[in-house]
Amino acid sequence: MSGELRSNFHEQLDEVRFGIARLGAGVTELVPRVTDILLDGDLEGAEYVILGDDEYDAKSLQLEETCFNQIALQAPVAGDLRALVASIKIVADVERSADLCVNICKAARRIYSHELDARLRGIIRKCSDQATLLFKESTEAYLNSDGVRAAALHDMDAYLDDLHRQFIQIIFESHAAEALDLQVAVQLAVVARFYERIGDHAVNVGERTRYIVDGWTPSKPYAESGNNLDAPDLMT
Amino acid sequence: MSLTASTIEPDLDSDGGNERNDMTSGSLDGRPMWGIRVVSVAAGLAGYLAFGAVNWALWILVGLVVYVVTTLLVSRFVESPREATDRFSTAVMTSAFAVVLLPLVSVVWTVIERGSNRFDWDFYSTTMRGVIGEGGGGYHAIIGTLVITALTTIFAVPFGLFTAIYLVEYATGSRFAKAVTSLVDVMTGIPSIVAGLFAYALFVFLDDIPALTALSTGVGHRSGLAGAVALTLLMTPVVVRTSEEMLRLVPNELREASFALGVPRWRTIVKVVLPTAIAGILTGIVLAIARVIGETAPLLVTVGITADVNWNPIDGRMAALPVFSYNSYKFPTLPVEASQDRAWAAALTLVLLVVILFSIARILSSILKPKGLK
Amino acid sequence: MNRPAIHTTSKNPNQMKVRSSMTESVSAPEKTAADASVAADPNAPVDLPNRIDVTDLDIYYGDFKAVEGVSMTINPNSITALIGPSGCGKSTFLRSLNRMHEVINGAYVDGSVVINGRDLYGSGVDPVAVRRKIGMVFQRPNPFPTMSIADNVLAGKKLNSKRMKGKEADELVEASLRGANLWNEVKDRLDKPGSGLSGGQQQRLCIARAIAVEPDVLLMDEPCSALDPISTLAIEELMLELKDTYNIVIVTHNMQQAARVSNRTGFFSIEGTGKPGKLIEMDSTEKMFSNPSQQQTQDYVTGRFG
């Protein structure tokens with residue numbers, strides 16, 4: 001048999017892949033932007049982002065539908081089936097990450113007019129950069145079906161978790177030193193959580209990408225992720 | 001033609017007055033066609049009645065020609081050229097069929113007409129013993145034909161059927177099988193006189209071997225057995241070919257199903273393949289019998305003719321219907337009509353025998369035919 | 001394992017199926033042909049009656065090597081599916097399991113097929129006897145047209161001239177037809193010819209005919225190819241019931257069917273026309289259809305090559 005078989009199906013698969021990659025790229029741009037909004041107190045920007053989330057939701061839904069239809073119509077097996085099933089979950093992770101960015105904007109609104117000291121600004125920037133890097137890596141790993149790159153996300157996330165712990169520590173210290181309002185402290189703690197969650201979603205995307213590539217599944221997720229179960233995790 | 005959107009749809013009246021276009025035309029079906037047929041028959045009949053001196057068959061032919069030509073011309077005018085060609089072809093083929101029927105009907109009619117002169121119990125119950133002139137019958141010839149044909153069948157069917165089974169079931173596709181099949185094909189074309197001479201020579205040869213004198217025939221090496229041998233040579237190839245075809249028609253999946261049940265090959269053949277093919281095989285055998293029952297030349301050489309009944313195939317001459325008919329016609333006694341009547345009656349008997357055989361074959365075929373075979 | 005899948009009306013429910021116990025144990029061979037990845041079933045115990053062990057089987061038609069170097073283990077009470085593109089030798093291989101390929105002159109094999117401690121191709125083994133123990137159902141339903149439905153079911157016995165008393169014969173007919181899920185549809189017309197049945201019913205009749213001789217193994221060569229979708233599903237339901245009693249091996253072109261019914265799947269392929277077919281991969285069906293080890297298998301099941 002010469003010529004490609006099931007070309008229509010493969011086009012659909014590519015469409016899904018590119019669509020999700022675009023969404024992921026969007027989130028990758030969104031994270032530093034909402035960090036700027038947070039640090040600069042940009043109310044207008046926050047409004048813009050919050051309203052723009054509808055578009056993300058609509059696109060996610062559409063991609064999910066495409067995946068479902070392809071499963072219904074094309075009876076995929078093996079690699080194709082893994083790709084479609086995993087893509088549905090990845091869409092959820094990406095969409096949730098976009099929601100988390102919106103949440104950061106809402107927090108920005110709540111702490112409006114409150115000054116943040118240099119130390120806090122620094123750690124916030126660090127968390128943001130690391131979360132951005134994680135998401136960028138995961139999106140590219142997914143787009144290129146690169147299992148090796150996806151596997152590297154694990155360690156990057158460990159670093160973000162560390163930053164998260166530092167962030168919480170700084171908040172405690174600032175509040176104890178009366179430099180930080182309780183209200184603001186609580187909001188910032190939540191924001192810290194948001195960054196850390198974005199990183200976790202990126203790791204999820206990476207794990208699912210590895211599943212697409214060769215059917216890899218995490219057998220002992222907690223032991224392998226390096227999560228230290230003793231760390232104070234105020235928000236669970 | 002307007003240039004509006006209606007040009008997209010087929011415009012059936014666009015010819016502007018000429019009613020004939022691609023979709024509709026006049027039609028010759030029904031009454032006009034019957035009219036043409038009647039005209040043709042009338043033409044033939046008129047010719048016969050007026051110039052009847054020539055054979056009636058010729059006038060039938062004339063009628064057919066009139067039919068064909070008329071159909072073509074009228075159809076071309078009333079219907080379209082394509083229809084005309086169609087009707088012309090149909091007419092030609094129908095005529096050809098009628099032409100073929102003519103001699104067949106003629107023969108049957110003639111045999112019945114002339115044979116019925118002696119179609120009486122007398123003919124079927126008396127022999128020619130001591131008869132010269134009127135009277136007499138063909139009883140001895142009928143017995144002879146039945147005996148010889150029965151013997152022939154007893155020889156030819158096992159040989160032919162087993163050969164066919166070997167070719168299809170055991171050696172299929174091999175070069176040997178192909179060679180045998182070709183040889184059998186050649187044998188179907190053996191002239192019957194050759195078979196007769198061969199059988200005669202064989203028995204002359206056998207007579208010289210003292211141990212086989214039991215097979216020796218009495219007077220001049222002639223016997224019913226020799227006739228049977230000659231006819232066997234003619235019948236066997238036909239049996240082989242038709243049985244082979246019938247066995248090949250049995251779908252291979254039936255054999256496979258039987259093998260898969262752990263049934264050995266010979267049992268498969270006997271209990272699955274043969275029962276499935278039996279209807280066709282029987283018909284083939286009857287066809288073969290019909291082929292040999294009327295052979296005259298080999299019987300002339302090997303069996304001769306007698307005037308009396310002879311039930312014993314190894315004891316000298318017997319009478320057989322074809323030879324009896326030939327003899328009565330060729331060497332008539334006075335009055336000539338009596339002999340000729342006997343000849344025609346023998347011929348009629350032969351025809352009737354074949355008809356009976358075929359009927360038996362049809363009945364057996366419909367009884368035995370497996371309902372499931374497509 | 002004593003529960004018979006054939007329902008009988010006789011008093012002794014175990015009468016219909018008497019298992020022969022193994023006389024010697026044969027360990028499951030782990031060796032694989034050069035390029036094939038054949039994963040042994042980790043859950044199957046080593047000692048099993050009616051397990052088929054194929055070792056390095058080459059199948060020849062005259063000079064032409066049709067299948068090369070196949071080794072696999074086929075476990076009983078399960079359905080094993082063989083898939084692959086056209087001409088890859090899977091049907092040839094299936095037929096070699098009950099020596100049906102020998103019906104074609106000049107066919108022979110090199111290698112061994114061992115069942116219950118006996119090599120089917122050992123010296124002195126009668127192919128006809130092999131086929132009584134390993135039954136086969138074909139692609140197009142082929143009931144014998146000269147026989148009634150009841151006679152068709154009994155054909156395996158009758159054609160071998162086994163005498164059966166009337167009552168015994170009736171019980172066998174009913175048990176086999178029940179086993180093939182056909183009894184209710186034909187019980188009123190057992191003496192009518194089999195040709196009046198629909199395609200799906202005819203195929204079930206062929207299955208009843210095959211199980212009436214009480215084989216150990218049932219081979220099916222694309223049994224549903226000639227049937228409509230509903231009949232296909234009916235046969236698949238039947239297969240799932242029958243696997244409790246028989247070792248079933250099917251060849252199918254329909255991958256969804258292999259995915260639906262089989263426990264293990266083997267993928268055959270061929271490098272090019274004129275080359276012998278080979279077993280590329282054999283594993284549990286879940287693995288074959290969710291994450292096969294060989295790229296060729298992945299390409300075939302996802303439809304990236306014919």
# chains A, B, ... in the order shown; residues from 1 in each chain; ligands from 1
call {"tool": "residues_around", "arguments": {"residues": "region 105-118 of chain A", "least_positions_apart": "3", "cutoff": "6 Å", "atoms": "only C-alpha atoms", "output": "number ranges by chain"}}
result
A: 38, 41, 46, 102, 121-122, 184
call {"tool": "residues_around", "arguments": {"residues": "Gln139 (chain C)", "least_positions_apart": "2", "cutoff": "12 Å", "atoms": "only C-alpha atoms", "output": "mmCIF file with C-alpha atoms, in the first residue's frame"}}
result
data_model
loop_
_atom_site.group_PDB
_atom_site.id
_atom_site.type_symbol
_atom_site.label_atom_id
_atom_site.label_comp_id
_atom_site.auth_asym_id
_atom_site.auth_seq_id
_atom_site.Cartn_x
_atom_site.Cartn_y
_atom_site.Cartn_z
ATOM 1 C CA GLU B 253 -15.233 -26.053 1.358
ATOM 2 C CA GLU B 256 -12.500 -29.117 3.909
ATOM 3 C CA ALA B 257 -15.324 -29.231 6.413
ATOM 4 C CA SER C 91 -4.187 -18.752 8.102
ATOM 5 C CA MET C 136 -11.958 -26.173 12.690
ATOM 6 C CA VAL C 137 -14.563 -23.655 11.607
ATOM 7 C CA PRO C 141 -20.375 -21.413 6.566
ATOM 8 C CA ASN C 142 -20.340 -24.826 4.898
ATOM 9 C CA GLY C 199 -25.641 -16.993 7.402
ATOM 10 C CA GLY C 200 -25.138 -16.507 11.107
ATOM 11 C CA GLN C 202 -25.341 -21.655 9.409
ATOM 12 C CA GLN C 203 -22.078 -20.658 10.993
ATOM 13 C CA ARG C 204 -23.373 -21.600 14.412
ATOM 14 C CA CYS C 206 -20.920 -25.443 11.730
ATOM 15 C CA ILE C 207 -19.702 -24.652 15.226
ATOM 16 C CA LEU C 219 -9.652 -23.328 15.445
ATOM 17 C CA MET C 220 -11.579 -20.598 13.662
ATOM 18 C CA ASP C 221 -10.417 -19.094 10.394
ATOM 19 C CA GLU C 222 -12.077 -15.670 10.077
ATOM 20 C CA PRO C 223 -15.384 -17.096 11.271
ATOM 21 C CA CYS C 224 -17.300 -13.829 10.980
ATOM 22 C CA SER C 225 -15.937 -12.448 7.718
ATOM 23 C CA ALA C 226 -18.976 -13.504 5.730
ATOM 24 C CA LEU C 227 -21.547 -12.393 8.307
ATOM 25 C CA THR C 232 -20.854 -11.428 14.157
ATOM 26 C CA ILE C 250 -9.017 -17.487 15.829
ATOM 27 C CA VAL C 251 -7.615 -15.732 12.814
ATOM 28 C CA THR C 252 -9.270 -12.445 12.095
ATOM 29 C CA HIS C 253 -8.924 -9.460 9.840
#
call {"tool": "closest_atom_pairs", "arguments": {"of": "chain A", "to": "chain C", "cutoff": "8 Å", "atoms": "only C-alpha atoms", "output": "CSV"}}
result
residue,atom,partner,partner_atom,distance
A:Met1,CA,C:Gly306,CA,6.3
A:Glu4,CA,C:Arg304,CA,7.2
A:Leu5,CA,C:Arg304,CA,5.6
A:Arg6,CA,C:Gly303,CA,7.0
A:Pro76,CA,C:Thr302,CA,6.6
A:Val77,CA,C:Phe289,CA,5.5
A:Ala78,CA,C:Ser290,CA,3.8
A:Gly79,CA,C:Asn291,CA,6.6
A:Asp80,CA,C:Thr302,CA,6.9
A:Leu81,CA,C:Ser290,CA,7.3
A:Arg82,CA,C:Ser290,CA,7.2
A:Asp214,CA,C:Asn291,CA,7.2
A:Gly215,CA,C:Asn291,CA,6.1
call {"tool": "write_last_selection", "arguments": {"atoms": "C-alpha atoms", "output": "short mmCIF file (atom, residue, chain, number, x, y, z; two decimals), in the first residue's frame"}}
result
data_model
loop_
_atom_site.label_atom_id
_atom_site.label_comp_id
_atom_site.auth_asym_id
_atom_site.auth_seq_id
_atom_site.Cartn_x
_atom_site.Cartn_y
_atom_site.Cartn_z
CA MET A 1 0.00 0.00 0.00
CA GLU A 4 -0.66 7.57 3.82
CA LEU A 5 -3.51 5.79 5.49
CA ARG A 6 -6.01 7.47 7.78
CA PRO A 76 -8.15 4.42 17.97
CA VAL A 77 -5.85 1.96 19.68
CA ALA A 78 -2.37 1.92 21.15
CA GLY A 79 -0.45 5.16 20.63
CA ASP A 80 -3.35 7.05 19.10
CA LEU A 81 -5.66 6.13 21.94
CA ARG A 82 -3.05 7.07 24.54
CA ASP A 214 5.77 5.08 25.60
CA GLY A 215 2.96 4.25 27.97
#
call {"tool": "closest_atom_pairs", "arguments": {"of": "chain B", "to": "chain C", "cutoff": "9 Å", "atoms": "only C-alpha atoms", "output": "tab-separated table"}}
result
residue	atom	partner	partner_atom	distance
B:Glu253	CA	C:Asn142	CA	6.3
B:Leu254	CA	C:Asn142	CA	6.0
B:Glu256	CA	C:Met100	CA	8.2
B:Ala257	CA	C:Asn142	CA	6.8
B:Ser258	CA	C:Gly156	CA	7.7
B:Phe259	CA	C:Arg131	CA	7.4
B:Ala260	CA	C:Met136	CA	5.6
B:Leu261	CA	C:Gly156	CA	5.4
B:Gly262	CA	C:Arg132	CA	4.5
B:Val263	CA	C:Asn160	CA	6.1
B:Pro264	CA	C:Val128	CA	6.2
B:Arg267	CA	C:Leu159	CA	6.9
B:Thr268	CA	C:Leu159	CA	7.5
B:Lys271	CA	C:Leu159	CA	6.8
B:Val272	CA	C:Phe144	CA	7.3
B:Pro275	CA	C:Thr146	CA	6.7
B:Thr276	CA	C:Thr146	CA	6.1
B:Leu368	CA	C:Thr146	CA	8.5
B:Lys369	CA	C:Thr146	CA	7.8
B:Pro370	CA	C:Thr146	CA	4.7
B:Lys371	CA	C:Pro145	CA	6.4
B:Gly372	CA	C:Pro145	CA	4.4
B:Leu373	CA	C:Pro145	CA	5.8
call {"tool": "residues_around", "arguments": {"residues": "region 84-94 of chain B", "least_positions_apart": "3", "cutoff": "7 Å", "atoms": "only C-alpha atoms", "output": "count of residues only"}}
result
10
call {"tool": "closest_residue", "arguments": {"among": "A:Val49, A:Ala150, A:Ala202, A:Ala75", "to": "Gln130 (chain A)", "atoms": "only C-alpha atoms"}}
result
A:Ala202
call {"tool": "closest_residue", "arguments": {"among": "B:Leu249, B:Gly138, B:Ile148, B:Leu348", "to": "Asn327 (chain B)", "atoms": "only C-alpha atoms"}}
result
B:Gly138
call {"tool": "residues_around", "arguments": {"residues": "region 219-236 of chain B", "least_positions_apart": "5", "cutoff": "8 Å", "atoms": "only C-alpha atoms", "output": "JSON, numbers by chain"}}
result
{"B": [144, 147, 148, 149, 151, 152, 153, 155, 156, 157, 159, 160, 187, 188, 190, 192, 195, 196, 198, 199, 200, 203, 204, 207, 288, 289, 291, 292, 295, 298, 299, 301, 302, 303, 304, 312, 313, 314, 315, 316, 317, 318]}
call {"tool": "write_last_selection", "arguments": {"atoms": "N, CA and C atoms", "output": "CSV table (one decimal), in the first residue's frame"}}
result
chain,number,residue,atom,x,y,z
B,144,GLY,N,-32.2,-57.5,-27.0
B,144,GLY,CA,-30.8,-57.3,-27.3
B,144,GLY,C,-30.3,-56.0,-26.9
B,147,VAL,N,-30.1,-55.7,-23.1
B,147,VAL,CA,-29.0,-56.5,-22.6
B,147,VAL,C,-27.6,-55.9,-22.8
B,148,ILE,N,-27.4,-55.5,-24.1
B,148,ILE,CA,-26.1,-54.9,-24.4
B,148,ILE,C,-25.9,-53.6,-23.7
B,149,THR,N,-27.0,-52.8,-23.7
B,149,THR,CA,-26.8,-51.5,-23.0
B,149,THR,C,-26.6,-51.7,-21.5
B,151,LEU,N,-25.1,-54.2,-20.0
B,151,LEU,CA,-23.7,-54.7,-19.9
B,151,LEU,C,-22.8,-53.5,-20.0
B,152,THR,N,-23.0,-52.7,-21.1
B,152,THR,CA,-22.2,-51.5,-21.3
B,152,THR,C,-22.1,-50.6,-20.1
B,153,THR,N,-23.3,-50.4,-19.6
B,153,THR,CA,-23.4,-49.5,-18.4
B,153,THR,C,-22.6,-50.1,-17.2
B,155,PHE,N,-20.1,-52.0,-17.3
B,155,PHE,CA,-18.7,-51.8,-17.5
B,155,PHE,C,-18.3,-50.3,-17.4
B,156,ALA,N,-19.0,-49.5,-18.1
B,156,ALA,CA,-18.5,-48.1,-18.3
B,156,ALA,C,-18.6,-47.3,-17.0
B,157,VAL,N,-19.7,-47.4,-16.3
B,157,VAL,CA,-19.9,-46.5,-15.1
B,157,VAL,C,-18.8,-46.7,-14.1
B,159,PHE,N,-15.7,-47.8,-14.4
B,159,PHE,CA,-14.5,-47.3,-14.9
B,159,PHE,C,-14.5,-45.8,-15.0
B,160,GLY,N,-15.6,-45.3,-15.6
B,160,GLY,CA,-15.6,-43.9,-15.8
B,160,GLY,C,-15.7,-43.1,-14.5
B,187,MET,N,-10.6,-39.4,-26.7
B,187,MET,CA,-11.4,-40.6,-26.8
B,187,MET,C,-12.9,-40.3,-27.0
B,188,THR,N,-13.3,-39.2,-26.5
B,188,THR,CA,-14.7,-38.9,-26.8
B,188,THR,C,-15.0,-38.7,-28.3
B,190,ILE,N,-13.7,-40.7,-30.7
B,190,ILE,CA,-13.4,-41.9,-31.5
B,190,ILE,C,-14.6,-42.2,-32.4
B,192,SER,N,-17.3,-44.4,-34.1
B,192,SER,CA,-17.8,-45.6,-33.5
B,192,SER,C,-17.4,-46.9,-34.2
B,195,ALA,N,-14.3,-48.2,-32.7
B,195,ALA,CA,-14.5,-48.9,-31.5
B,195,ALA,C,-15.0,-50.3,-31.8
B,196,GLY,N,-15.9,-50.4,-32.8
B,196,GLY,CA,-16.4,-51.7,-33.2
B,196,GLY,C,-15.3,-52.6,-33.7
B,198,PHE,N,-12.2,-52.5,-33.1
B,198,PHE,CA,-11.3,-52.8,-32.1
B,198,PHE,C,-11.8,-54.0,-31.2
B,199,ALA,N,-13.1,-53.9,-30.9
B,199,ALA,CA,-13.7,-54.9,-30.0
B,199,ALA,C,-13.7,-56.3,-30.8
B,200,TYR,N,-14.0,-56.2,-32.0
B,200,TYR,CA,-14.0,-57.4,-32.8
B,200,TYR,C,-12.6,-58.0,-32.8
B,203,PHE,N,-11.7,-59.7,-29.6
B,203,PHE,CA,-12.3,-61.0,-29.4
B,203,PHE,C,-11.7,-62.1,-30.3
B,204,VAL,N,-11.3,-61.7,-31.5
B,204,VAL,CA,-10.6,-62.7,-32.3
B,204,VAL,C,-9.3,-63.1,-31.6
B,207,ASP,N,-10.0,-65.4,-28.8
B,207,ASP,CA,-10.4,-66.7,-29.2
B,207,ASP,C,-9.2,-67.6,-29.4
B,288,ALA,N,-24.8,-40.4,-21.4
B,288,ALA,CA,-23.8,-41.3,-22.1
B,288,ALA,C,-24.6,-42.5,-22.6
B,289,ILE,N,-25.5,-43.0,-21.9
B,289,ILE,CA,-26.3,-44.2,-22.4
B,289,ILE,C,-27.0,-43.8,-23.6
B,291,ARG,N,-26.2,-41.7,-25.7
B,291,ARG,CA,-25.3,-41.6,-26.8
B,291,ARG,C,-25.0,-43.0,-27.5
B,292,VAL,N,-24.9,-44.0,-26.6
B,292,VAL,CA,-24.5,-45.3,-27.2
B,292,VAL,C,-25.7,-46.2,-27.6
B,295,GLU,N,-26.0,-46.5,-31.4
B,295,GLU,CA,-24.9,-46.7,-32.3
B,295,GLU,C,-25.1,-47.9,-33.1
B,298,PRO,N,-20.7,-50.1,-34.7
B,298,PRO,CA,-20.0,-51.1,-33.9
B,298,PRO,C,-20.8,-52.3,-33.7
B,299,LEU,N,-22.1,-52.2,-33.6
B,299,LEU,CA,-22.9,-53.4,-33.4
B,299,LEU,C,-23.0,-54.2,-34.6
B,301,VAL,N,-20.6,-54.7,-36.6
B,301,VAL,CA,-19.4,-55.5,-36.7
B,301,VAL,C,-19.3,-56.6,-35.6
B,302,THR,N,-19.7,-56.2,-34.4
B,302,THR,CA,-19.5,-57.1,-33.3
B,302,THR,C,-20.7,-58.0,-33.0
B,303,VAL,N,-21.9,-57.6,-33.3
B,303,VAL,CA,-23.0,-58.4,-32.8
B,303,VAL,C,-23.8,-59.0,-34.0
B,304,GLY,N,-23.8,-58.4,-35.1
B,304,GLY,CA,-24.5,-59.0,-36.2
B,304,GLY,C,-26.0,-58.8,-36.0
B,312,ASN,N,-28.3,-64.5,-24.1
B,312,ASN,CA,-27.0,-64.8,-23.6
B,312,ASN,C,-26.0,-63.9,-24.3
B,313,PRO,N,-25.3,-63.0,-23.6
B,313,PRO,CA,-24.4,-62.2,-24.3
B,313,PRO,C,-23.1,-62.8,-24.8
B,314,ILE,N,-22.8,-64.1,-24.3
B,314,ILE,CA,-21.6,-64.7,-24.8
B,314,ILE,C,-21.9,-65.9,-25.7
B,315,ASP,N,-23.1,-65.9,-26.2
B,315,ASP,CA,-23.5,-67.0,-27.0
B,315,ASP,C,-23.9,-66.5,-28.4
B,316,GLY,N,-23.0,-66.0,-29.2
B,316,GLY,CA,-23.3,-65.7,-30.6
B,316,GLY,C,-24.1,-64.5,-30.8
B,317,ARG,N,-24.7,-64.4,-31.9
B,317,ARG,CA,-25.3,-63.1,-32.4
B,317,ARG,C,-26.5,-62.8,-31.5
B,318,MET,N,-26.7,-61.4,-31.4
B,318,MET,CA,-28.0,-60.9,-30.9
B,318,MET,C,-28.5,-59.9,-31.9
call {"tool": "atom_distance", "arguments": {"atom1": "CA of Leu177 (chain C)", "atom2": "CA of Leu205 (chain C)"}}
result
7.2 Å
call {"tool": "residues_around", "arguments": {"residues": "Ile90 (chain A)", "least_positions_apart": "3", "cutoff": "6 Å", "atoms": "only C-alpha atoms", "output": "PyMOL selection string"}}
result
chain A and resi 87+93+205
call {"tool": "select_by_dssp", "arguments": {"residues": "region 102-335 of chain B", "states": "helix (DSSP H, G or I)", "output": "count of residues only"}}
result
169
call {"tool": "residues_around", "arguments": {"residues": "Ile198 (chain A)", "least_positions_apart": "5", "cutoff": "10 Å", "atoms": "only C-alpha atoms", "output": "PyMOL selection string"}}
result
chain A and resi 27+31+93-94+96-101+128+130-132+134-135+157+160+193+203-204
call {"tool": "residues_around", "arguments": {"residues": "region 164-171 of chain B", "least_positions_apart": "3", "cutoff": "8 Å", "atoms": "only C-alpha atoms", "output": "PDB file with N, CA and C atoms, in the first residue's frame"}}
result
ATOM      1  N   GLY B 160     -15.572 -45.303 -15.592  1.00  0.00           N
ATOM      2  CA  GLY B 160     -15.620 -43.859 -15.811  1.00  0.00           C
ATOM      3  C   GLY B 160     -15.673 -43.093 -14.505  1.00  0.00           C
ATOM      4  N   LEU B 161     -16.531 -43.526 -13.589  1.00  0.00           N
ATOM      5  CA  LEU B 161     -16.705 -42.781 -12.342  1.00  0.00           C
ATOM      6  C   LEU B 161     -15.439 -42.816 -11.501  1.00  0.00           C
ATOM      7  N   SER B 174      -2.105 -32.347 -11.090  1.00  0.00           N
ATOM      8  CA  SER B 174      -0.809 -32.904 -11.471  1.00  0.00           C
ATOM      9  C   SER B 174      -0.741 -33.041 -12.985  1.00  0.00           C
ATOM     10  N   PHE B 176       0.108 -35.609 -14.639  1.00  0.00           N
ATOM     11  CA  PHE B 176      -0.499 -36.878 -15.023  1.00  0.00           C
ATOM     12  C   PHE B 176      -1.997 -36.707 -15.224  1.00  0.00           C
ATOM     13  N   ALA B 177      -2.632 -36.019 -14.308  1.00  0.00           N
ATOM     14  CA  ALA B 177      -4.076 -35.819 -14.418  1.00  0.00           C
ATOM     15  C   ALA B 177      -4.409 -35.039 -15.680  1.00  0.00           C
ATOM     16  N   THR B 181      -6.746 -36.359 -18.704  1.00  0.00           N
ATOM     17  CA  THR B 181      -7.920 -35.611 -19.164  1.00  0.00           C
ATOM     18  C   THR B 181      -7.857 -35.352 -20.664  1.00  0.00           C
ATOM     19  N   VAL B 240     -16.606 -40.191 -17.931  1.00  0.00           N
ATOM     20  CA  VAL B 240     -15.484 -39.566 -17.232  1.00  0.00           C
ATOM     21  C   VAL B 240     -15.613 -38.050 -17.266  1.00  0.00           C
ATOM     22  N   ARG B 241     -15.872 -37.500 -18.439  1.00  0.00           N
ATOM     23  CA  ARG B 241     -15.895 -36.042 -18.559  1.00  0.00           C
ATOM     24  C   ARG B 241     -17.017 -35.425 -17.759  1.00  0.00           C
ATOM     25  N   SER B 243     -18.737 -36.733 -15.246  1.00  0.00           N
ATOM     26  CA  SER B 243     -18.548 -36.940 -13.804  1.00  0.00           C
ATOM     27  C   SER B 243     -17.479 -36.008 -13.266  1.00  0.00           C
ATOM     28  N   GLU B 244     -16.423 -35.837 -14.051  1.00  0.00           N
ATOM     29  CA  GLU B 244     -15.361 -34.931 -13.629  1.00  0.00           C
ATOM     30  C   GLU B 244     -15.903 -33.520 -13.418  1.00  0.00           C
ATOM     31  N   LEU B 247     -18.061 -33.406 -10.299  1.00  0.00           N
ATOM     32  CA  LEU B 247     -17.285 -33.480  -9.064  1.00  0.00           C
ATOM     33  C   LEU B 247     -16.557 -32.163  -8.811  1.00  0.00           C
ATOM     34  N   ARG B 248     -16.108 -31.530  -9.870  1.00  0.00           N
ATOM     35  CA  ARG B 248     -15.423 -30.248  -9.679  1.00  0.00           C
ATOM     36  C   ARG B 248     -16.382 -29.181  -9.189  1.00  0.00           C
ATOM     37  N   ILE B 269     -15.204 -38.695   0.187  1.00  0.00           N
ATOM     38  CA  ILE B 269     -15.685 -38.820  -1.185  1.00  0.00           C
ATOM     39  C   ILE B 269     -17.014 -39.558  -1.214  1.00  0.00           C
TER      40      ILE B 269
END
